[in-house]
Amino acid sequence: MPSGVFMRFSRFALILVIVGSLASMVFGASPGVDLPAPPILPKQFAEWQIQGAAQASKDAAAADPTNAALLKEYGFTDFEAATYKSDDGRTLKIRAARFADASGAFGAYAFYLQPEMAREEIGDQGASLNQRVLFYRGHIVVEAVFSQLSVMSAAGLRELAGVLPRPGGNAGNLPPILAFMPHHGYARNTEKYAEGPLALAAIASPLPAYLVDFSASPEVVLGEYSTPGGEATLMLIEYPTPALAAEHLRRIDAAHHAAQPQAGVADIENVGPFFDKRTGPIIAIAAGPLSQSDAQTLLGAVNWTPSVTWNENTYFDKKNNIANLLVNIILLCIIVGAISLAAGVAFGGARILLRRFFPGPVFGRPDQTEFISLQLGESAPESGARPSATTEPTKSS
């Protein structure tokens with residue numbers, strides 16, 4: 001192989017190796033390998049510097065020993081706690097719990113939220129009471145306790161909320177059922193969300209867990225409302241399909257109107273007047289000291305309208321990434337080009353070697369072999385001249 005061709009081929013192969021290495025570095029590990037979750041709390045934010053190292057744990061009891069099982073039901077994954085200090089000597093203690101998705105984080109935030117707390121514009125939702133601030137951002141719930149408040153305390157927590165890790169894909173979406181809760185008459189900080197029987201029992205539901213039937217994968221949201229007759233409870237239960245909702249509504253009505261409750265089974269007669277209705281896959285229940293007209297007004301504010309949505313989970317991994325497809329196309333072009341170049345160099349080199357060692361009519365022609373050519377460079381004959389015919393004299397016999 002000529003030295004110039006060999007050098008060009010070597011450089012091309014080196015470029016191919018470098019491009020392949022960079023592509024593997026950019027698009028990470030192979031599919032199916034779970035990357036470790038990033039740390040929750042930063043080393044520094046605003047005027048606050050962390051003191052020592054953050055205490056991390058994957059045990060829900062480290063976050064809340066009393067309600068560890070409830071946190072697991074909400075999808076608890078890990079927990080971090082740290083103490084921060086400012087330049088003027090103030091301290092800030094932060095406890096942050098991460099959940100599998102934003103629904104679990106909202107449920108835990110609503111569970112810890114107290115009615116007397118004041119709303120704060122921190123994270124997705126926030127509230128404060130004296131030196132304690134509670135907020136959630138994405139799939140993380142944060143509790144911050146200041147040793148002393150200042151005018152920049154809320155701004156510092158907003159900066160903290162901005163640097164917290166965010167969930168990917170649909171994990172960052174809140175439960176759609178929250179959008180069906182009416183706003184008129186709502187009592188502040190009373191909205192609760194449940195994904196299982198433990199949370200349902202903790203939020204003082206007017207229905208027992210066996211009637212809600214969490215084996216059917218429902219979502220429950222509950223809130224307190226002011227009516228002319230007093231404080232009433234509005235409970236929404238969303239099932240995957242309208243047929244499931246209709247079936248469970250029949251069970252609820254049968255349990256409500258039963259003359260004698262079943263032995264050992266909690267009834268729903270102890271919540272006062274009880275009204276319900278179904279709208280699409282949602283069952284709405286109004287309970288408490290309210291008249292029928294007040295219940296109809298409250299239930300009439302809950303209306304489900306069907307809509308066509310694309311609810312298939314979207315992924316952003318190595319397999320379902322358009323950028324990865326483009327890189328693979330580029331790599332394929334480079335590989336095909338390299339194979340073509342190698343084949344051309346091999347064919348050309350083999351022909352040169354065969355002509356050198358096996359000259360002849362098959363693998364090559366001698367240098368003295370004549371070939372037909374057109375003498376286009378010769379001058380044309382003058383006009384009017386006629387070529388003379390030359391004949392050889394014939395010999396007489």
# chains A, B, ... in the order shown; residues from 1 in each chain; ligands from 1
call {"tool": "select_by_dssp", "arguments": {"residues": "stretch 73-269 of chain A", "states": "strand (DSSP E)", "output": "number ranges by chain"}}
result
A: 76-85, 91-99, 118-120, 125-129, 132-137, 140-146, 192-194, 219-227, 230-238
call {"tool": "residues_around", "arguments": {"residues": "A:Leu164", "least_positions_apart": "6", "cutoff": "8 Å", "atoms": "only C-alpha atoms", "output": "number ranges by chain"}}
result
A: 40-42, 137, 140
call {"tool": "select_by_dssp", "arguments": {"residues": "stretch 28-254 of chain A", "states": "helix (DSSP H, G or I)", "output": "NGL selection string"}}
result
:A and (60-63 or 68-73 or 102-112 or 153-163 or 169-172 or 176-180 or 197-202 or 209-212 or 214-216 or 242-254)
call {"tool": "closest_residue", "arguments": {"among": "A:Leu200, A:Gly300, A:Gln375, A:Thr241", "to": "A:Val221", "atoms": "only C-alpha atoms"}}
result
A:Leu200
call {"tool": "residues_around", "arguments": {"residues": "A:Pro38", "least_positions_apart": "5", "cutoff": "12 Å", "atoms": "only C-alpha atoms", "output": "short mmCIF file (atom, residue, chain, number, x, y, z; two decimals) with C-alpha atoms, in the first residue's frame"}}
result
data_model
loop_
_atom_site.label_atom_id
_atom_site.label_comp_id
_atom_site.auth_asym_id
_atom_site.auth_seq_id
_atom_site.Cartn_x
_atom_site.Cartn_y
_atom_site.Cartn_z
CA ALA A 56 -28.55 11.10 54.18
CA ASP A 78 -34.59 9.04 50.48
CA PHE A 79 -34.01 11.81 53.01
CA GLU A 80 -31.34 14.42 53.77
CA ARG A 98 -37.63 12.90 48.19
CA VAL A 163 -31.50 24.36 42.68
CA LEU A 164 -33.29 21.26 43.98
CA PRO A 165 -33.24 18.21 41.64
CA ARG A 166 -36.30 17.88 39.44
CA PRO A 167 -38.11 14.68 38.39
#
call {"tool": "closest_residue", "arguments": {"among": "A:Lys58, A:His248, A:His256, A:Arg90", "to": "A:Ile282", "atoms": "only C-alpha atoms"}}
result
A:His248
call {"tool": "residues_around", "arguments": {"residues": "A:Asp87", "least_positions_apart": "2", "cutoff": "9 Å", "atoms": "only C-alpha atoms", "output": "JSON, numbers by chain"}}
result
{"A": [47, 48, 49, 85, 89, 90]}
call {"tool": "write_last_selection", "arguments": {"atoms": "C-alpha atoms", "output": "short mmCIF file (atom, residue, chain, number, x, y, z; two decimals), in the first residue's frame"}}
result
data_model
loop_
_atom_site.label_atom_id
_atom_site.label_comp_id
_atom_site.auth_asym_id
_atom_site.auth_seq_id
_atom_site.Cartn_x
_atom_site.Cartn_y
_atom_site.Cartn_z
CA GLU A 47 -26.08 33.55 52.08
CA TRP A 48 -26.11 30.09 53.66
CA GLN A 49 -23.12 27.74 53.96
CA LYS A 85 -25.03 29.07 58.78
CA GLY A 89 -24.25 33.88 62.71
CA ARG A 90 -27.86 32.80 62.09
#
call {"tool": "closest_residue", "arguments": {"among": "A:His257, A:Arg158, A:Arg251, A:Arg95", "to": "A:Pro273", "atoms": "only C-alpha atoms"}}
result
A:His257
call {"tool": "atom_distance", "arguments": {"atom1": "atom CA of A:Gly223", "atom2": "atom CA of A:Gly107"}}
result
12.8 Å
